[in-house]
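Engineer: Sending over entry-v5.pdb (PDB, C-alpha atoms, pLDDT in the B column).
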```pdb
ATOM      1  CA  MET A 188       0.000   0.000   0.000  1.00 60.00           C
ATOM      2  CA  ARG A 189       1.492   3.281  -1.102  1.00 67.00           C
ATOM      3  CA  ARG A 190      -0.167   5.515   1.517  1.00 67.00           C
ATOM      4  CA  LYS A 191       0.831   3.762   4.732  1.00 67.00           C
ATOM      5  CA  ASP A 192      -0.507   6.754   6.701  1.00 69.00           C
ATOM      6  CA  ARG A 193      -4.022   5.793   5.559  1.00 72.00           C
ATOM      7  CA  GLU A 194      -3.705   2.036   6.004  1.00 75.00           C
ATOM      8  CA  VAL A 195      -6.012   0.321   8.502  1.00 83.00           C
ATOM      9  CA  THR A 196      -4.524  -2.892   9.881  1.00 80.00           C
ATOM     10  CA  GLN A 197      -6.536  -3.773  12.984  1.00 93.00           C
ATOM     11  CA  PRO A 198      -9.243  -6.345  12.139  1.00 92.00           C
ATOM     12  CA  GLU A 199     -11.712  -4.732  14.546  1.00 93.00           C
ATOM     13  CA  GLU A 200     -11.293  -1.366  12.821  1.00 94.00           C
ATOM     14  CA  ILE A 201     -11.696  -3.010   9.404  1.00 94.00           C
ATOM     15  CA  PHE A 202     -14.889  -4.640  10.696  1.00 96.00           C
ATOM     16  CA  ASP A 203     -16.154  -1.216  11.830  1.00 95.00           C
ATOM     17  CA  ILE A 204     -15.613   0.181   8.321  1.00 95.00           C
ATOM     18  CA  ILE A 205     -17.427  -2.781   6.757  1.00 96.00           C
ATOM     19  CA  LYS A 206     -20.414  -2.227   9.054  1.00 96.00           C
ATOM     20  CA  LYS A 207     -20.750   1.329   7.657  1.00 95.00           C
ATOM     21  CA  CYS A 208     -20.883   0.160   4.025  1.00 96.00           C
ATOM     22  CA  ASP A 209     -24.099  -0.734   2.237  1.00 96.00           C
ATOM     23  CA  VAL A 210     -22.808  -2.283  -1.015  1.00 97.00           C
ATOM     24  CA  CYS A 211     -20.074  -4.801  -1.731  1.00 98.00           C
ATOM     25  CA  ARG A 212     -18.798  -5.030  -5.302  1.00 98.00           C
ATOM     26  CA  ILE A 213     -17.661  -8.486  -6.403  1.00 98.00           C
ATOM     27  CA  ALA A 214     -15.317  -8.937  -9.375  1.00 98.00           C
ATOM     28  CA  PHE A 215     -15.504 -12.252 -11.215  1.00 97.00           C
ATOM     29  CA  PHE A 216     -13.145 -13.593 -13.861  1.00 96.00           C
ATOM     30  CA  ASP A 217     -14.690 -13.322 -17.323  1.00 96.00           C
ATOM     31  CA  LYS A 218     -13.322 -13.925 -20.810  1.00 91.00           C
ATOM     32  CA  LYS A 219     -11.756 -10.604 -21.728  1.00 93.00           C
ATOM     33  CA  PHE A 220     -12.604  -8.248 -18.864  1.00 96.00           C
ATOM     34  CA  PRO A 221     -13.530  -8.664 -15.197  1.00 96.00           C
ATOM     35  CA  TYR A 222     -17.256  -8.706 -14.449  1.00 97.00           C
ATOM     36  CA  ILE A 223     -18.237  -6.581 -11.441  1.00 97.00           C
ATOM     37  CA  VAL A 224     -21.577  -6.740  -9.683  1.00 97.00           C
ATOM     38  CA  PRO A 225     -22.747  -4.604  -6.714  1.00 97.00           C
ATOM     39  CA  LEU A 226     -24.491  -6.640  -4.015  1.00 97.00           C
ATOM     40  CA  ASN A 227     -26.158  -6.192  -0.665  1.00 96.00           C
ATOM     41  CA  PHE A 228     -24.293  -8.236   1.908  1.00 97.00           C
ATOM     42  CA  GLY A 229     -23.900  -9.451   5.440  1.00 96.00           C
ATOM     43  CA  VAL A 230     -20.651 -10.006   7.288  1.00 97.00           C
ATOM     44  CA  ALA A 231     -19.268 -12.146  10.087  1.00 95.00           C
ATOM     45  CA  PHE A 232     -15.880 -11.889  11.765  1.00 95.00           C
ATOM     46  CA  GLU A 233     -15.063 -15.025  13.724  1.00 92.00           C
ATOM     47  CA  ASN A 234     -11.725 -16.554  14.750  1.00 92.00           C
ATOM     48  CA  GLY A 235      -9.862 -13.892  12.788  1.00 91.00           C
ATOM     49  CA  VAL A 236     -11.663 -14.660   9.502  1.00 94.00           C
ATOM     50  CA  PHE A 237     -13.997 -12.345   7.608  1.00 97.00           C
ATOM     51  CA  THR A 238     -16.936 -14.009   5.865  1.00 97.00           C
ATOM     52  CA  PHE A 239     -19.410 -12.202   3.607  1.00 98.00           C
ATOM     53  CA  TYR A 240     -22.879 -13.425   2.653  1.00 97.00           C
ATOM     54  CA  PHE A 241     -24.885 -12.500  -0.459  1.00 97.00           C
ATOM     55  CA  HIS A 242     -28.245 -13.537  -1.877  1.00 93.00           C
ATOM     56  CA  GLY A 243     -29.600 -13.727  -5.386  1.00 87.00           C
ATOM     57  CA  ALA A 244     -31.110 -15.784  -8.138  1.00 84.00           C
ATOM     58  CA  ASN A 245     -29.885 -19.255  -8.975  1.00 84.00           C
ATOM     59  CA  ALA A 246     -29.291 -18.322 -12.619  1.00 86.00           C
ATOM     60  CA  GLY A 247     -27.584 -15.573 -14.561  1.00 91.00           C
ATOM     61  CA  LYS A 248     -24.113 -14.385 -15.455  1.00 94.00           C
ATOM     62  CA  LYS A 249     -22.915 -14.190 -11.848  1.00 94.00           C
ATOM     63  CA  MET A 250     -23.727 -17.853 -11.267  1.00 93.00           C
ATOM     64  CA  GLU A 251     -22.259 -18.907 -14.630  1.00 95.00           C
ATOM     65  CA  LEU A 252     -18.957 -17.199 -13.831  1.00 96.00           C
ATOM     66  CA  LEU A 253     -18.943 -18.605 -10.296  1.00 95.00           C
ATOM     67  CA  GLN A 254     -19.208 -22.147 -11.662  1.00 95.00           C
ATOM     68  CA  LYS A 255     -16.145 -21.535 -13.855  1.00 96.00           C
ATOM     69  CA  ASN A 256     -13.955 -19.889 -11.211  1.00 96.00           C
ATOM     70  CA  ASN A 257     -14.876 -19.152  -7.596  1.00 97.00           C
ATOM     71  CA  ALA A 258     -11.838 -16.922  -6.916  1.00 98.00           C
ATOM     72  CA  VAL A 259     -13.131 -13.344  -6.659  1.00 98.00           C
ATOM     73  CA  ALA A 260     -12.081  -9.877  -5.578  1.00 98.00           C
ATOM     74  CA  PHE A 261     -14.276  -7.479  -3.613  1.00 98.00           C
ATOM     75  CA  GLU A 262     -14.453  -3.779  -2.763  1.00 98.00           C
ATOM     76  CA  MET A 263     -16.635  -1.561  -0.596  1.00 97.00           C
ATOM     77  CA  ASP A 264     -16.392   2.063   0.473  1.00 96.00           C
ATOM     78  CA  CYS A 265     -18.188   4.618   2.623  1.00 94.00           C
ATOM     79  CA  SER A 266     -17.871   7.893   4.571  1.00 89.00           C
ATOM     80  CA  HIS A 267     -17.430   9.998   1.431  1.00 89.00           C
ATOM     81  CA  LYS A 268     -17.023  13.730   1.869  1.00 91.00           C
ATOM     82  CA  LEU A 269     -15.388  16.297  -0.380  1.00 88.00           C
ATOM     83  CA  ILE A 270     -12.737  18.326   1.409  1.00 84.00           C
ATOM     84  CA  GLU A 271     -12.254  21.622  -0.355  1.00 86.00           C
ATOM     85  CA  GLY A 272      -8.957  23.406  -0.779  1.00 87.00           C
ATOM     86  CA  GLU A 273      -7.841  26.790  -2.004  1.00 88.00           C
ATOM     87  CA  LYS A 274      -6.453  25.352  -5.273  1.00 90.00           C
ATOM     88  CA  ALA A 275      -7.596  22.394  -7.346  1.00 88.00           C
ATOM     89  CA  CYS A 276      -4.737  20.167  -6.163  1.00 87.00           C
ATOM     90  CA  ASP A 277      -5.563  20.977  -2.518  1.00 85.00           C
ATOM     91  CA  TYR A 278      -8.958  19.231  -2.771  1.00 87.00           C
ATOM     92  CA  THR A 279      -9.209  15.734  -1.376  1.00 84.00           C
ATOM     93  CA  MET A 280     -11.850  13.244  -0.384  1.00 84.00           C
ATOM     94  CA  ALA A 281     -12.619  11.725   2.993  1.00 87.00           C
ATOM     95  CA  TYR A 282     -13.404   8.015   2.677  1.00 90.00           C
ATOM     96  CA  GLU A 283     -13.072   4.571   4.187  1.00 93.00           C
ATOM     97  CA  SER A 284     -12.585   1.516   1.975  1.00 96.00           C
ATOM     98  CA  VAL A 285     -12.007  -2.219   2.177  1.00 97.00           C
ATOM     99  CA  CYS A 286     -10.694  -4.474  -0.612  1.00 97.00           C
ATOM    100  CA  GLY A 287      -9.694  -8.087  -0.777  1.00 98.00           C
ATOM    101  CA  THR A 288      -9.886 -11.485  -2.341  1.00 98.00           C
ATOM    102  CA  GLY A 289     -11.404 -14.798  -1.441  1.00 98.00           C
ATOM    103  CA  PHE A 290     -13.405 -17.771  -2.559  1.00 98.00           C
ATOM    104  CA  LEU A 291     -17.142 -17.623  -3.209  1.00 98.00           C
ATOM    105  CA  GLU A 292     -19.394 -20.642  -2.881  1.00 97.00           C
ATOM    106  CA  LYS A 293     -23.052 -21.577  -2.623  1.00 95.00           C
ATOM    107  CA  ILE A 294     -24.085 -22.451   0.898  1.00 94.00           C
ATOM    108  CA  THR A 295     -26.183 -25.348   2.102  1.00 90.00           C
ATOM    109  CA  GLU A 296     -29.823 -25.142   3.144  1.00 87.00           C
ATOM    110  CA  GLU A 297     -28.731 -25.515   6.770  1.00 88.00           C
ATOM    111  CA  GLN A 298     -26.565 -22.382   6.571  1.00 90.00           C
ATOM    112  CA  LYS A 299     -29.174 -20.151   4.928  1.00 89.00           C
ATOM    113  CA  ILE A 300     -30.763 -18.746   8.114  1.00 88.00           C
ATOM    114  CA  GLN A 301     -27.336 -17.726   9.431  1.00 89.00           C
ATOM    115  CA  ALA A 302     -26.558 -16.018   6.106  1.00 92.00           C
ATOM    116  CA  PHE A 303     -29.934 -14.247   5.880  1.00 90.00           C
ATOM    117  CA  THR A 304     -29.552 -13.079   9.479  1.00 89.00           C
ATOM    118  CA  ALA A 305     -26.104 -11.613   8.734  1.00 92.00           C
ATOM    119  CA  ILE A 306     -27.453  -9.804   5.670  1.00 92.00           C
ATOM    120  CA  MET A 307     -30.382  -8.326   7.599  1.00 91.00           C
ATOM    121  CA  LYS A 308     -28.105  -7.252  10.487  1.00 91.00           C
ATOM    122  CA  GLN A 309     -26.055  -5.206   8.044  1.00 94.00           C
ATOM    123  CA  TYR A 310     -29.094  -3.013   7.318  1.00 94.00           C
ATOM    124  CA  THR A 311     -31.369  -3.224  10.354  1.00 90.00           C
ATOM    125  CA  GLN A 312     -31.224  -4.278  13.991  1.00 82.00           C
ATOM    126  CA  LYS A 313     -34.775  -5.655  13.919  1.00 78.00           C
ATOM    127  CA  ASP A 314     -35.471  -9.302  14.678  1.00 75.00           C
ATOM    128  CA  LEU A 315     -37.283 -10.556  11.616  1.00 78.00           C
ATOM    129  CA  ASP A 316     -38.923 -13.851  10.781  1.00 81.00           C
ATOM    130  CA  PHE A 317     -37.899 -15.535   7.546  1.00 80.00           C
ATOM    131  CA  GLN A 318     -40.442 -17.240   5.314  1.00 82.00           C
ATOM    132  CA  PRO A 319     -39.330 -20.846   4.678  1.00 78.00           C
ATOM    133  CA  GLU A 320     -40.640 -20.896   1.090  1.00 79.00           C
ATOM    134  CA  ARG A 321     -38.679 -17.717   0.216  1.00 79.00           C
ATOM    135  CA  ILE A 322     -35.517 -19.052   1.847  1.00 81.00           C
ATOM    136  CA  LYS A 323     -35.738 -22.268  -0.122  1.00 81.00           C
ATOM    137  CA  ALA A 324     -36.154 -20.341  -3.391  1.00 81.00           C
ATOM    138  CA  THR A 325     -33.162 -18.058  -2.811  1.00 87.00           C
ATOM    139  CA  THR A 326     -29.525 -18.816  -3.531  1.00 92.00           C
ATOM    140  CA  LEU A 327     -27.138 -17.695  -0.831  1.00 94.00           C
ATOM    141  CA  LEU A 328     -23.423 -17.298  -1.336  1.00 97.00           C
ATOM    142  CA  LYS A 329     -20.570 -17.230   1.134  1.00 97.00           C
ATOM    143  CA  LEU A 330     -17.298 -15.419   0.474  1.00 98.00           C
ATOM    144  CA  THR A 331     -14.466 -16.638   2.672  1.00 97.00           C
ATOM    145  CA  VAL A 332     -11.841 -13.894   2.688  1.00 98.00           C
ATOM    146  CA  ASN A 333      -8.210 -14.884   2.284  1.00 96.00           C
ATOM    147  CA  GLU A 334      -6.766 -11.369   1.890  1.00 97.00           C
ATOM    148  CA  ILE A 335      -8.134  -8.035   3.086  1.00 97.00           C
ATOM    149  CA  THR A 336      -6.821  -4.472   3.096  1.00 95.00           C
ATOM    150  CA  ALA A 337      -8.400  -1.252   4.286  1.00 95.00           C
ATOM    151  CA  LYS A 338      -7.631   2.413   4.258  1.00 95.00           C
ATOM    152  CA  LYS A 339      -9.220   5.666   5.264  1.00 92.00           C
ATOM    153  CA  ASN A 340      -8.805   9.381   4.943  1.00 89.00           C
ATOM    154  CA  THR A 341     -10.845  11.001   7.658  1.00 79.00           C
ATOM    155  CA  ILE A 342      -9.252  14.440   7.546  1.00 70.00           C
ATOM    156  CA  HIS A 343     -12.108  16.873   8.034  1.00 55.00           C
TER     157      HIS A 343
END
```
Would you mind writing the file out in structure tokens?
Structural biologist:
Amino acid sequence: MRRKDREVTQPEEIFDIIKKCDVCRIAFFDKKFPYIVPLNFGVAFENGVFTFYFHGANAGKKMELLQKNNAVAFEMDCSHKLIEGEKACDYTMAYESVCGTGFLEKITEEQKIQAFTAIMKQYTQKDLDFQPERIKATTLLKLTVNEITAKKNTIH
């Protein structure tokens, strides 16, 4: 990382940034160019490992690419604020961001409630009931992170 002064290394601080984000972009391998898709997500941090959960349809380009190669990259960002300067080159942006790589896989029926709960916790603190027929019809994916980096510029 070029800007070591902006690097975030503590897992708990990285987790705090993730909790502020509302979209995770996943990059899949495709033929000529990467294929990026923005997704709602949930996150867990247990035993030093970050795990992300996503939901979606059981068909489409995302699932086709996943079947070919489950190695993916991800990115999320938040806390954006323009910081003005006197001259153009004095302007900067406040932000927090997290990037990384990992392996994405479909999860089993038994893991779906845990994944749905993590996704809902990312957006609301309400205790919600899940409809079994909707859970069964939804594909849930788990991204096990093998590399993660974070940085922030919170100069205000």
Engineer: I need the residue set behind the PyMOL selection byres ((chain A and resi 264) around 6) for this file; please write it as a PyMOL selection string.
Structural biologist: chain A and resi 263+265+283-284
Engineer: Let me make sure I understand: among A:Phe290, A:Met250, A:Thr336, A:Ile342, which one has the smallest atom-to-atom distance to A:Tyr278 if we use all atoms listed in the file?
Structural biologist: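 Among the listed residues, A:Ile342 lies closest to A:Tyr278.
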Engineer: Please provide as a list in words all residues within 7 Å of stretch 320-332 of chain A, with the sequence filter that same-chain residues fewer than 2 positions apart are discarded (counting only C-alpha atoms).
Structural biologist: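 That gives Val236, Phe237, Thr238, Phe239, Tyr240, Phe241, His242, Gly243, Ala244, Asn245, Thr288, Gly289, Phe290, Leu291, Glu292, Lys293, Ile294, Lys299, Gln318, Glu334 and Ile335 of chain A.
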Engineer: Quick one: distance from atom CA of A:Gln254 to atom CA of A:Ile223 in Å, one decimal?
Structural biologist: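 Between atom CA of A:Gln254 and atom CA of A:Ile223 the gap works out to 15.6 Å.
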Engineer: Between atom CA of A:Pro198 and atom CA of A:Asn256, what is the distance, to one decimal in Å?
Structural biologist: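 Spanning atom CA of A:Pro198 to atom CA of A:Asn256 is a straight-line distance of 27.4 Å.
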Engineer: Using the chain letters and residue numbers of this document, give as an MDAnalysis selection string the residues selected by the PyMOL selection byres ((chain A and resi 303-306) around 8).
Structural biologist: chainID A and resid 227:231 240:242 299:302 307:310
Engineer: Just C-alpha atoms for this one: save the residues we selected as a CSV table (one decimal), keeping the file's coordinate frame.
Structural biologist:
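Below you can see selection.csv, which holds the result:
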```csv
chain,number,residue,atom,x,y,z
A,227,ASN,CA,-26.2,-6.2,-0.7
A,228,PHE,CA,-24.3,-8.2,1.9
A,229,GLY,CA,-23.9,-9.5,5.4
A,230,VAL,CA,-20.7,-10.0,7.3
A,231,ALA,CA,-19.3,-12.1,10.1
A,240,TYR,CA,-22.9,-13.4,2.7
A,241,PHE,CA,-24.9,-12.5,-0.5
A,242,HIS,CA,-28.2,-13.5,-1.9
A,299,LYS,CA,-29.2,-20.2,4.9
A,300,ILE,CA,-30.8,-18.7,8.1
A,301,GLN,CA,-27.3,-17.7,9.4
A,302,ALA,CA,-26.6,-16.0,6.1
A,307,MET,CA,-30.4,-8.3,7.6
A,308,LYS,CA,-28.1,-7.3,10.5
A,309,GLN,CA,-26.1,-5.2,8.0
A,310,TYR,CA,-29.1,-3.0,7.3
```
Engineer: Given the file shown, determine the residues that the PyMOL selection byres ((chain A and resi 222) around 12) selects; report them as an MDAnalysis selection string.
Structural biologist: chainID A and resid 212:221 223:225 248:253 259:261
Engineer: Give me, as a VMD selection string, all polymer residues having an atom no more than 6 Å from A:Glu262, counting only C-alpha atoms and skipping those fewer than 6 positions away in the same chain.
Structural biologist: chain A and resid 211 to 212 285 to 286
Engineer: Deliver the residues from the most recent selection as a file, using C-alpha atoms, as a tab-separated table (two decimals), in the coordinates of the input.
Structural biologist:
```tsv
chain	number	residue	atom	x	y	z
A	211	CYS	CA	-20.07	-4.80	-1.73
A	212	ARG	CA	-18.80	-5.03	-5.30
A	285	VAL	CA	-12.01	-2.22	2.18
A	286	CYS	CA	-10.69	-4.47	-0.61
```
Engineer: Kindly give the distance, in Å, that separates atom CA of A:Lys268 and atom CA of A:Asn340, rounded to a single decimal.
Structural biologist: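 Interatomic distance, atom CA of A:Lys268 to atom CA of A:Asn340: 9.8 Å.
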Engineer: With distances taken over all atoms listed in the file, which residue among A:Cys276, A:Gln312, A:Glu296, A:Gly287 lies nearest A:Ile201?
Structural biologist: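 Counting all atoms listed in the file, the residue closest to A:Ile201 is A:Gly287.
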Engineer: Go ahead and fit an axis-aligned box to every listed atom of stretch 208-211 of chain A plus 8 Å each side, and pass me the centre and edge lengths in Å, one decimal, as AutoDock Vina command-line options.
Structural biologist:
```
--center_x -22.1 --center_y -2.3 --center_z 1.1 --size_x 20.0 --size_y 21.0 --size_z 21.8
```
Engineer: So which one's closest to A:Asp203, A:Asp277, A:Asp314, A:Phe232, A:Leu226? Using only C-alpha atoms, please.
Structural biologist: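 Checking each of A:Asp277, A:Asp314, A:Phe232, A:Leu226 against A:Asp203, counting only C-alpha atoms, the winner is A:Phe232.
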Engineer: Would you please take stretch 300-312 of chain A of the structure in the block above and write all heavy atoms to a file as an mmCIF file, in the first residue's frame?
Structural biologist:
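Dumped to out.cif:
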```
data_model
loop_
_atom_site.group_PDB
_atom_site.id
_atom_site.type_symbol
_atom_site.label_atom_id
_atom_site.label_comp_id
_atom_site.auth_asym_id
_atom_site.auth_seq_id
_atom_site.Cartn_x
_atom_site.Cartn_y
_atom_site.Cartn_z
ATOM 1 N N ILE A 300 -30.232 -19.652 7.079
ATOM 2 C CA ILE A 300 -30.763 -18.746 8.114
ATOM 3 C C ILE A 300 -29.643 -17.881 8.672
ATOM 4 O O ILE A 300 -29.802 -16.670 8.856
ATOM 5 C CB ILE A 300 -31.473 -19.529 9.236
ATOM 6 C CG1 ILE A 300 -32.736 -20.203 8.710
ATOM 7 C CG2 ILE A 300 -31.808 -18.612 10.410
ATOM 8 C CD1 ILE A 300 -33.849 -19.248 8.304
ATOM 9 N N GLN A 301 -28.488 -18.479 8.938
ATOM 10 C CA GLN A 301 -27.336 -17.726 9.431
ATOM 11 C C GLN A 301 -26.948 -16.640 8.429
ATOM 12 O O GLN A 301 -26.671 -15.500 8.805
ATOM 13 C CB GLN A 301 -26.155 -18.661 9.671
ATOM 14 C CG GLN A 301 -24.871 -17.951 10.064
ATOM 15 C CD GLN A 301 -23.677 -18.897 10.139
ATOM 16 O OE1 GLN A 301 -23.798 -20.101 10.008
ATOM 17 N NE2 GLN A 301 -22.519 -18.330 10.352
ATOM 18 N N ALA A 302 -26.928 -16.976 7.142
ATOM 19 C CA ALA A 302 -26.558 -16.018 6.106
ATOM 20 C C ALA A 302 -27.590 -14.903 5.989
ATOM 21 O O ALA A 302 -27.238 -13.721 5.936
ATOM 22 C CB ALA A 302 -26.401 -16.744 4.768
ATOM 23 N N PHE A 303 -28.868 -15.262 5.946
ATOM 24 C CA PHE A 303 -29.934 -14.247 5.880
ATOM 25 C C PHE A 303 -29.879 -13.326 7.100
ATOM 26 O O PHE A 303 -30.067 -12.121 6.987
ATOM 27 C CB PHE A 303 -31.320 -14.900 5.808
ATOM 28 C CG PHE A 303 -31.847 -15.072 4.419
ATOM 29 C CD1 PHE A 303 -32.216 -16.328 3.962
ATOM 30 C CD2 PHE A 303 -32.000 -13.990 3.568
ATOM 31 C CE1 PHE A 303 -32.721 -16.502 2.685
ATOM 32 C CE2 PHE A 303 -32.505 -14.157 2.289
ATOM 33 C CZ PHE A 303 -32.861 -15.415 1.838
ATOM 34 N N THR A 304 -29.636 -13.882 8.250
ATOM 35 C CA THR A 304 -29.552 -13.079 9.479
ATOM 36 C C THR A 304 -28.402 -12.084 9.388
ATOM 37 O O THR A 304 -28.561 -10.909 9.737
ATOM 38 C CB THR A 304 -29.388 -13.996 10.703
ATOM 39 O OG1 THR A 304 -30.525 -14.885 10.766
ATOM 40 C CG2 THR A 304 -29.304 -13.195 11.991
ATOM 41 N N ALA A 305 -27.248 -12.515 8.893
ATOM 42 C CA ALA A 305 -26.104 -11.613 8.734
ATOM 43 C C ALA A 305 -26.418 -10.492 7.746
ATOM 44 O O ALA A 305 -26.073 -9.330 7.985
ATOM 45 C CB ALA A 305 -24.876 -12.397 8.277
ATOM 46 N N ILE A 306 -27.080 -10.824 6.659
ATOM 47 C CA ILE A 306 -27.453 -9.804 5.670
ATOM 48 C C ILE A 306 -28.403 -8.786 6.290
ATOM 49 O O ILE A 306 -28.210 -7.570 6.148
ATOM 50 C CB ILE A 306 -28.067 -10.459 4.412
ATOM 51 C CG1 ILE A 306 -26.999 -11.274 3.668
ATOM 52 C CG2 ILE A 306 -28.686 -9.392 3.502
ATOM 53 C CD1 ILE A 306 -27.540 -12.187 2.587
ATOM 54 N N MET A 307 -29.415 -9.251 6.993
ATOM 55 C CA MET A 307 -30.382 -8.326 7.599
ATOM 56 C C MET A 307 -29.731 -7.468 8.680
ATOM 57 O O MET A 307 -30.050 -6.290 8.816
ATOM 58 C CB MET A 307 -31.580 -9.091 8.161
ATOM 59 C CG MET A 307 -32.439 -9.759 7.092
ATOM 60 S SD MET A 307 -32.998 -8.622 5.789
ATOM 61 C CE MET A 307 -33.968 -7.464 6.742
ATOM 62 N N LYS A 308 -28.792 -8.014 9.435
ATOM 63 C CA LYS A 308 -28.105 -7.252 10.487
ATOM 64 C C LYS A 308 -27.258 -6.119 9.915
ATOM 65 O O LYS A 308 -27.001 -5.133 10.596
ATOM 66 C CB LYS A 308 -27.234 -8.177 11.345
ATOM 67 C CG LYS A 308 -28.024 -8.973 12.369
ATOM 68 C CD LYS A 308 -27.128 -9.853 13.188
ATOM 69 C CE LYS A 308 -26.360 -9.017 14.182
ATOM 70 N NZ LYS A 308 -25.586 -9.807 15.136
ATOM 71 N N GLN A 309 -26.833 -6.266 8.670
ATOM 72 C CA GLN A 309 -26.055 -5.206 8.044
ATOM 73 C C GLN A 309 -26.902 -3.943 7.837
ATOM 74 O O GLN A 309 -26.387 -2.836 7.839
ATOM 75 C CB GLN A 309 -25.476 -5.682 6.704
ATOM 76 C CG GLN A 309 -24.593 -4.685 5.998
ATOM 77 C CD GLN A 309 -23.272 -4.434 6.716
ATOM 78 O OE1 GLN A 309 -22.828 -5.214 7.548
ATOM 79 N NE2 GLN A 309 -22.631 -3.323 6.391
ATOM 80 N N TYR A 310 -28.214 -4.127 7.679
ATOM 81 C CA TYR A 310 -29.094 -3.013 7.318
ATOM 82 C C TYR A 310 -30.105 -2.626 8.386
ATOM 83 O O TYR A 310 -30.651 -1.532 8.348
ATOM 84 C CB TYR A 310 -29.809 -3.345 6.000
ATOM 85 C CG TYR A 310 -28.812 -3.626 4.905
ATOM 86 C CD1 TYR A 310 -28.451 -4.928 4.570
ATOM 87 C CD2 TYR A 310 -28.170 -2.586 4.257
ATOM 88 C CE1 TYR A 310 -27.501 -5.174 3.599
ATOM 89 C CE2 TYR A 310 -27.218 -2.818 3.281
ATOM 90 C CZ TYR A 310 -26.886 -4.123 2.958
ATOM 91 O OH TYR A 310 -25.920 -4.365 2.006
ATOM 92 N N THR A 311 -30.388 -3.514 9.313
ATOM 93 C CA THR A 311 -31.369 -3.224 10.354
ATOM 94 C C THR A 311 -31.046 -4.038 11.600
ATOM 95 O O THR A 311 -30.454 -5.115 11.508
ATOM 96 C CB THR A 311 -32.806 -3.534 9.890
ATOM 97 O OG1 THR A 311 -33.711 -3.199 10.942
ATOM 98 C CG2 THR A 311 -32.994 -4.995 9.517
ATOM 99 N N GLN A 312 -31.434 -3.545 12.740
ATOM 100 C CA GLN A 312 -31.224 -4.278 13.991
ATOM 101 C C GLN A 312 -32.510 -4.994 14.444
ATOM 102 O O GLN A 312 -32.569 -5.529 15.538
ATOM 103 C CB GLN A 312 -30.739 -3.330 15.091
ATOM 104 C CG GLN A 312 -29.365 -2.762 14.807
ATOM 105 C CD GLN A 312 -28.314 -3.840 14.581
ATOM 106 O OE1 GLN A 312 -28.188 -4.781 15.347
ATOM 107 N NE2 GLN A 312 -27.557 -3.716 13.506
#
```
